[in-house]
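Visitor: Sharing a structure below in structure tokens format, with a few things to ask.
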Amino acid sequence: MNILKLEDLKVEEIEELLENAIKFKKGSKKIDYNGKKVIANLFFEPSTRTHYSFEMAEYKLGCKTIEFTEETSSIKKGESLYDTVKTFESIGVDAIVIRHREDEYYNKLKNINIPIINAGDGKKDHPSQSLLDLMTIKEEFGKFEGLKVLIIGDIKHSRVAHSNIKVMERLGMEVYTSGPEEFKDEDFKFVNYEEMLPKVDVVMLLRIQFERLEKEMSMTKEKYNNLYGININRVKQMKENAIIMHPAPFNRNVEISDDVVECEKSRIFKQMQNGVFVRMAMIEKALNDNSINN
Amino acid sequence: MNILKLEDLKVEEIEELLENAIKFKKGSKKIDYNGKKVIANLFFEPSTRTHYSFEMAEYKLGCKTIEFTEETSSIKKGESLYDTVKTFESIGVDAIVIRHREDEYYNKLKNINIPIINAGDGKKDHPSQSLLDLMTIKEEFGKFEGLKVLIIGDIKHSRVAHSNIKVMERLGMEVYTSGPEEFKDEDFKFVNYEEMLPKVDVVMLLRIQFERLEKEMSMTKEKYNNLYGININRVKQMKENAIIMHPAPFNRNVEISDDVVECEKSRIFKQMQNGVFVRMAMIEKALNDNSINN
Amino acid sequence: MNILKLEDLKVEEIEELLENAIKFKKGSKKIDYNGKKVIANLFFEPSTRTHYSFEMAEYKLGCKTIEFTEETSSIKKGESLYDTVKTFESIGVDAIVIRHREDEYYNKLKNINIPIINAGDGKKDHPSQSLLDLMTIKEEFGKFEGLKVLIIGDIKHSRVAHSNIKVMERLGMEVYTSGPEEFKDEDFKFVNYEEMLPKVDVVMLLRIQFERLEKEMSMTKEKYNNLYGININRVKQMKENAIIMHPAPFNRNVEISDDVVECEKSRIFKQMQNGVFVRMAMIEKALNDNSINN
């Protein structure tokens with residue numbers, strides 16, 4: 001089956017993915033395809049974490065990987081995404097992982113008969129990121145119901161925010177957003193940052209796009225850091241057991257100060273670690289679940 | 001041994017390669033080098049199908065692969081092709097697959113002591129493409145003798161055409177070419193497209209280079225499509241059992257209309273599928289046949 | 001442990017690395033991590049030999065590899081080297097191989113908890129190159145003590161020269177340098193090329209940077225070749241058992257004439273071959289030696 005967005009999955013399916021990811025991490029679940037499965041990774045946007053943790057997940061499952069590079073492919077001769085993906089289907093890869101700059105690129109891939117795993121589409125969804133965020137929260141608090149999350153930054157343009165808010169609400173979490181007015185998304189609860197900070201269990205930061213900040217809003221990095229960046233003083237206002245998350249790459253001393261990146265409350269590198277295990281669970285589900293959803 | 005062009009191979013050797021490819025596809029032949037063979041893929045031109053189906057073939061044979069990228073190599077410091085290939089020989093790779101923009105680049109590689117498999121040289125040869133075309137025809141008709149093929153497009157500049165015509169004639173096929181006068185190659189039979197279409201068993205389309213079409217010939221894509229493109233009306237004029245082939249990437253609605261790409265007579269994606277198996281057969285032959293031909 | 005520069009290693013450790021490399025080459029030492037170790041190769045500068053021979057070494061040890069490409073990574077979004085490497089640590093790679101354009105880039109990587117193997121930093125060190133040079137000398141002469149080496153070329157800007165001279169002197173070799181005055185490094189013995197040539201056991205050539213030669217020194221390639229290049233006439237003046245080495249890529253007919261590259265005294269391609277085995281020894285040491293030196 002395809003895994004394109006979490007909206008397509010039932011709550012029980014999401015819970016099962018997270019449980020499997022935690023089992024993979026603990027070592028109580030093991031799968032070895034023994035080199036018999038080949039997965040192609042097609043990244044049409046720069047990526048370090050998502051790309052290489054998918055590759056790592058594939059290795060841990062005993063898959064072989066094909067690393068597609070747009071620059072040296074027939075895309076340069078004008079070949080379409082559909083024809084490129086159909087080629088990978090034809091040569092016999094077992095599943096395909098795609099990150100693409102276009103929203104819902106997968107709508108163009110209706111007639112593909114191998115599982116597609118979405119590694120991020122435009123400003124829309126980023127299901128593996130949401131799952132690794134959820135896994136990190138679940139490991140920390142053992143539950144979702146009733147937890148309060150504050151997401152700070154460019155809510156409007158963030159696929160991480162969009163992917164997360166809906167699934168978090170489905171899981172019973174209370175999600176608040178904050179940041180500059182210009183970044184507000186009318187669809188979600190918008191609150192005062194300083195007021196809400198001491199009340200939440202999870203502070204989730206988003207990456208700032210400098211172009212948007214400086215050109216469209218005439219706001220300097222320093223001012224953003226001053227108004228919305230998390231620093232060690234703001235960390236002190238957080239609840240005792242509250243944690244800090246960021247999908248990365250982060251801008252040091254813009255949305256997050258240097259002294260917070262690896263502080264006691266930060267789960268940023270744990271998120272990256274967990275990313276490998278949720279991706280293992282996603283790949284396993286995509287390969288094994290024959291229900292048709294594309 | 002090297003596999004540089006099909007001209008170097010006897011008809012029996014070609015038949016044997018095709019038989020082995022078909023056996024690999026059926027699963028009646030299996031080889032597993034078990035990670036003990038390492039093959040380097042050197043692609044100096046953009047490629048999706050050829051590149052990744054060679055990689056897939058290597059994986060299916062249990063080989064490890066090294067993916068060379070020109071942009072990040074010492075070629076950028078002026079290192080020659082010979083010295084690059086000699087480096088791969090020195091570090092111990094077992095065979096090398098090369099696509100290069102230069103005709104007969106392999107003439108510069110006389111003193112190399114590992115097998116070279118040509119994945120396409122300039123406008124000259126593309127032996128793995130020819131073999132996958134032949135395999136597709138053989139699967140379809142069970143024979144070559146007496147089959148009629150019509151190749152349409154830029155015959156003069158196409159390595160697919162050049163590679164194919166000679167070997168097809170050696171195998172007893174009748175090969176005709178058609179397309180704009182400017183693309184004609186004096187060495188081959190040139191016929192009227194509409195007249196020949198209903199008489200052939202195989203219609204083989206070639207990819208149009210827009211630069212050449214629009215700048216050198218002042219012909220629009222629409223006009224080309226109108227005059228020489230295959231569309232569903234032309235498909236209806238074909239013989240009942242005739243098939244359509246294209247080496248891909250194809251230009252939709254130029255040499256082939258959207259509704260023909262995946263029509264019943266199209267073998268385009270089957271060609272891609274077969275590409276993996278002929279490449280397995282080529283690699284096996286290159287690794288195992290110690291006859292010296294370089 | 002990290003392997004950043006040979007200065008950090010005791011003479012006995014260097015000797016042990018070389019012995020292990022020779023055993024790997026002979027086949028009397030074998031290690032197979034059986035796909036359980038994953039090594040990431042991060043090359044921030046063009047490289048053919050070093051990059052692919054590290055990959056080959058990793059394959060021969062039964063490791064899986066992740067090939068990082070700067071161009072398609074989050075470095076493009078401004079992510080730092082530290083945060084990039086911390087990401088690879090987080091996703092669970094077992095060791096990391098880095099080539100970087102900056103001198104001592106590793107000083108920025110203090111808090112990394114997986115082994116770092118330096119594959120070349122700026123103009124400073126290139127430990128795997130030094131080790132493969134030493135292995136080639138050891139195979140040839142069976143010892144280091146008392147051997148005379150003449151290094152010719154741009155001593156001042158060469159990380160190969162810098163890495164080599166210090167370790168060679170520690171091993172009891174006499175190292176002399178020569179070339180244009182502009183390339184002289186005051187720290188090392190500088191001699192007349194023609195006078196010293198017949199007296200040394202090893203002639204080690206360095207790659208010429210044309211930019212520096214032509215723009216800064218107004219010297220043509222032809223003049224450099226004439227004054228300092230090794231050609232078959234100069235080869236005749238060498239001692240009977242003396243050998244020629246070059247780290248490559250070499251500029252044919254600049255620092256080395258065409259007829260010398262593969263002459264009887266040249267060990268250039270043997271150096272490349274040996275590079276795989278010293279890198280196997282380095283990786284094994286990095287993975288197995290838990291002493292902390294970062």
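Identifiers in this document derive from the order of the structure tokens: chains are assigned A, B, ..., residues are numbered from 1 separately in each chain, and ligands are numbered from 1 in order of occurrence.
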Please extract the residues of stretch 73-177 of chain B with a backbone DSSP assignment of helix (DSSP H, G or I) and present them as a PyMOL selection string.
Guide: chain B and resi 74-77+81-90+105-108+127-141+159-170
Visitor: Quick check: residues of chain B within 9 Å of chain C, only C-alpha atoms, returned as an MDAnalysis selection string.
Guide: chainID B and resid 35:36 38 64 66:68 70:79 83:84 86:93
Visitor: Can you work out which one of B:Lys10, B:Lys223, B:Arg99, B:His246 has the shortest atom-to-atom distance to B:Leu150, counting only C-alpha atoms?
Guide: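 Using only C-alpha atoms, B:Leu150 sits closest to B:His246.
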Visitor: In terms of the shortest atom-to-atom distance over only C-alpha atoms, which of C:Cys63, C:Ile117, C:Leu213, C:Ile230 is closest to C:Glu194?
Guide: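 Among the listed residues, C:Ile230 lies closest to C:Glu194.
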Visitor: Mind giving me the straight-line distance from atom CA of C:Glu182 to atom CA of C:Ser163 in Å, one decimal?
Guide: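 Atom CA of C:Glu182 sits 19.8 Å away from atom CA of C:Ser163.
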Visitor: Going by DSSP on the backbone, which bits of stretch 75-199 of chain A are strand (DSSP E)? Write them as a list in words, please.
Guide: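 Residues meeting the strand (DSSP E) criterion: Ala95, Ile96, Val97, Ile98, Arg99, His100, Ile116, Ile117, Asn118, Ala119, Gly120, Asp121, Lys148, Val149, Leu150, Ile151, Ile152, Glu174, Val175, Tyr176, Thr177 and Ser178 of chain A.
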Visitor: Could those selected residues go to a file with C-alpha atoms, as a PDB file, in the first residue's frame?
Guide:
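That gives us again.pdb:
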```pdb
ATOM      1  CA  ALA A  95       8.841   0.158  -3.208  1.00  0.00           C
ATOM      2  CA  ILE A  96       9.693   3.761  -3.836  1.00  0.00           C
ATOM      3  CA  VAL A  97      10.351   6.617  -1.416  1.00  0.00           C
ATOM      4  CA  ILE A  98       9.714  10.082  -2.867  1.00  0.00           C
ATOM      5  CA  ARG A  99      10.313  13.607  -1.661  1.00  0.00           C
ATOM      6  CA  HIS A 100       9.113  16.214  -4.111  1.00  0.00           C
ATOM      7  CA  ILE A 116       4.904   4.752  -2.736  1.00  0.00           C
ATOM      8  CA  ILE A 117       6.092   6.187   0.568  1.00  0.00           C
ATOM      9  CA  ASN A 118       5.843   9.949   0.769  1.00  0.00           C
ATOM     10  CA  ALA A 119       8.977  11.524   2.244  1.00  0.00           C
ATOM     11  CA  GLY A 120       7.532  15.028   1.991  1.00  0.00           C
ATOM     12  CA  ASP A 121       5.445  16.826  -0.634  1.00  0.00           C
ATOM     13  CA  LYS A 148      -0.578  20.225  25.260  1.00  0.00           C
ATOM     14  CA  VAL A 149       1.674  21.162  22.362  1.00  0.00           C
ATOM     15  CA  LEU A 150       2.813  24.618  21.331  1.00  0.00           C
ATOM     16  CA  ILE A 151       4.128  24.927  17.776  1.00  0.00           C
ATOM     17  CA  ILE A 152       6.134  28.088  17.130  1.00  0.00           C
ATOM     18  CA  GLU A 174      -4.363  20.031  22.383  1.00  0.00           C
ATOM     19  CA  VAL A 175      -2.353  21.922  19.794  1.00  0.00           C
ATOM     20  CA  TYR A 176      -1.615  25.660  19.960  1.00  0.00           C
ATOM     21  CA  THR A 177       0.359  27.759  17.519  1.00  0.00           C
ATOM     22  CA  SER A 178       2.326  30.965  17.944  1.00  0.00           C
TER      23      SER A 178
END
```
Visitor: Can you pull out the residues contacting C:Ser257? Cut-off 8 Å, using only C-alpha atoms, and skip same-chain residues under 4 positions away; I want them as a list of chain:residue names.
Guide: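 That gives C:Asn225, C:Gly229, C:Ile230, C:Asn231, C:Ile232, C:Arg252, C:Asn253, C:Val261.
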Visitor: Could you write out that same residue set with C-alpha atoms as a short mmCIF file (atom, residue, chain, number, x, y, z; two decimals), in the first residue's frame?
Guide:
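Printed below is again-v2.cif as written:
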```
data_model
loop_
_atom_site.label_atom_id
_atom_site.label_comp_id
_atom_site.auth_asym_id
_atom_site.auth_seq_id
_atom_site.Cartn_x
_atom_site.Cartn_y
_atom_site.Cartn_z
CA ASN C 225 58.03 19.62 -17.11
CA GLY C 229 59.03 16.75 -14.47
CA ILE C 230 60.16 13.17 -14.41
CA ASN C 231 60.78 11.67 -17.84
CA ILE C 232 62.43 8.53 -19.11
CA ARG C 252 50.62 13.73 -17.66
CA ASN C 253 53.57 15.50 -19.28
CA VAL C 261 53.39 6.59 -15.61
#
```
Visitor: Could you tell me how far atom CA of A:Lys184 lies from atom CA of A:Glu169, in Å and to one decimal?
Guide: 18.0 Å
Visitor: Given the choices C:Arg101, C:Arg159, C:Lys123, C:Lys37, which gets closest to C:Glu58 if the distance is worked out from only C-alpha atoms?
Guide: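 The shortest atom-to-atom distance to C:Glu58 comes from C:Lys37.
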Visitor: Need the shell around C:Glu145: protein/DNA/RNA residues with any atom at most 8 Å away, counting only C-alpha atoms. Skip same-chain ones fewer than 3 positions apart. Format as a ChimeraX atom specification?
Guide: /C:171-173
Visitor: At a cut-off of 12 Å, using only C-alpha atoms, what residues contact C:Glu13? Leave out same-chain residues fewer than 6 positions from it and give the result as a PyMOL selection string.
Guide: chain C and resi 3+6-7+19-20+131+167+171+281-282+285+289
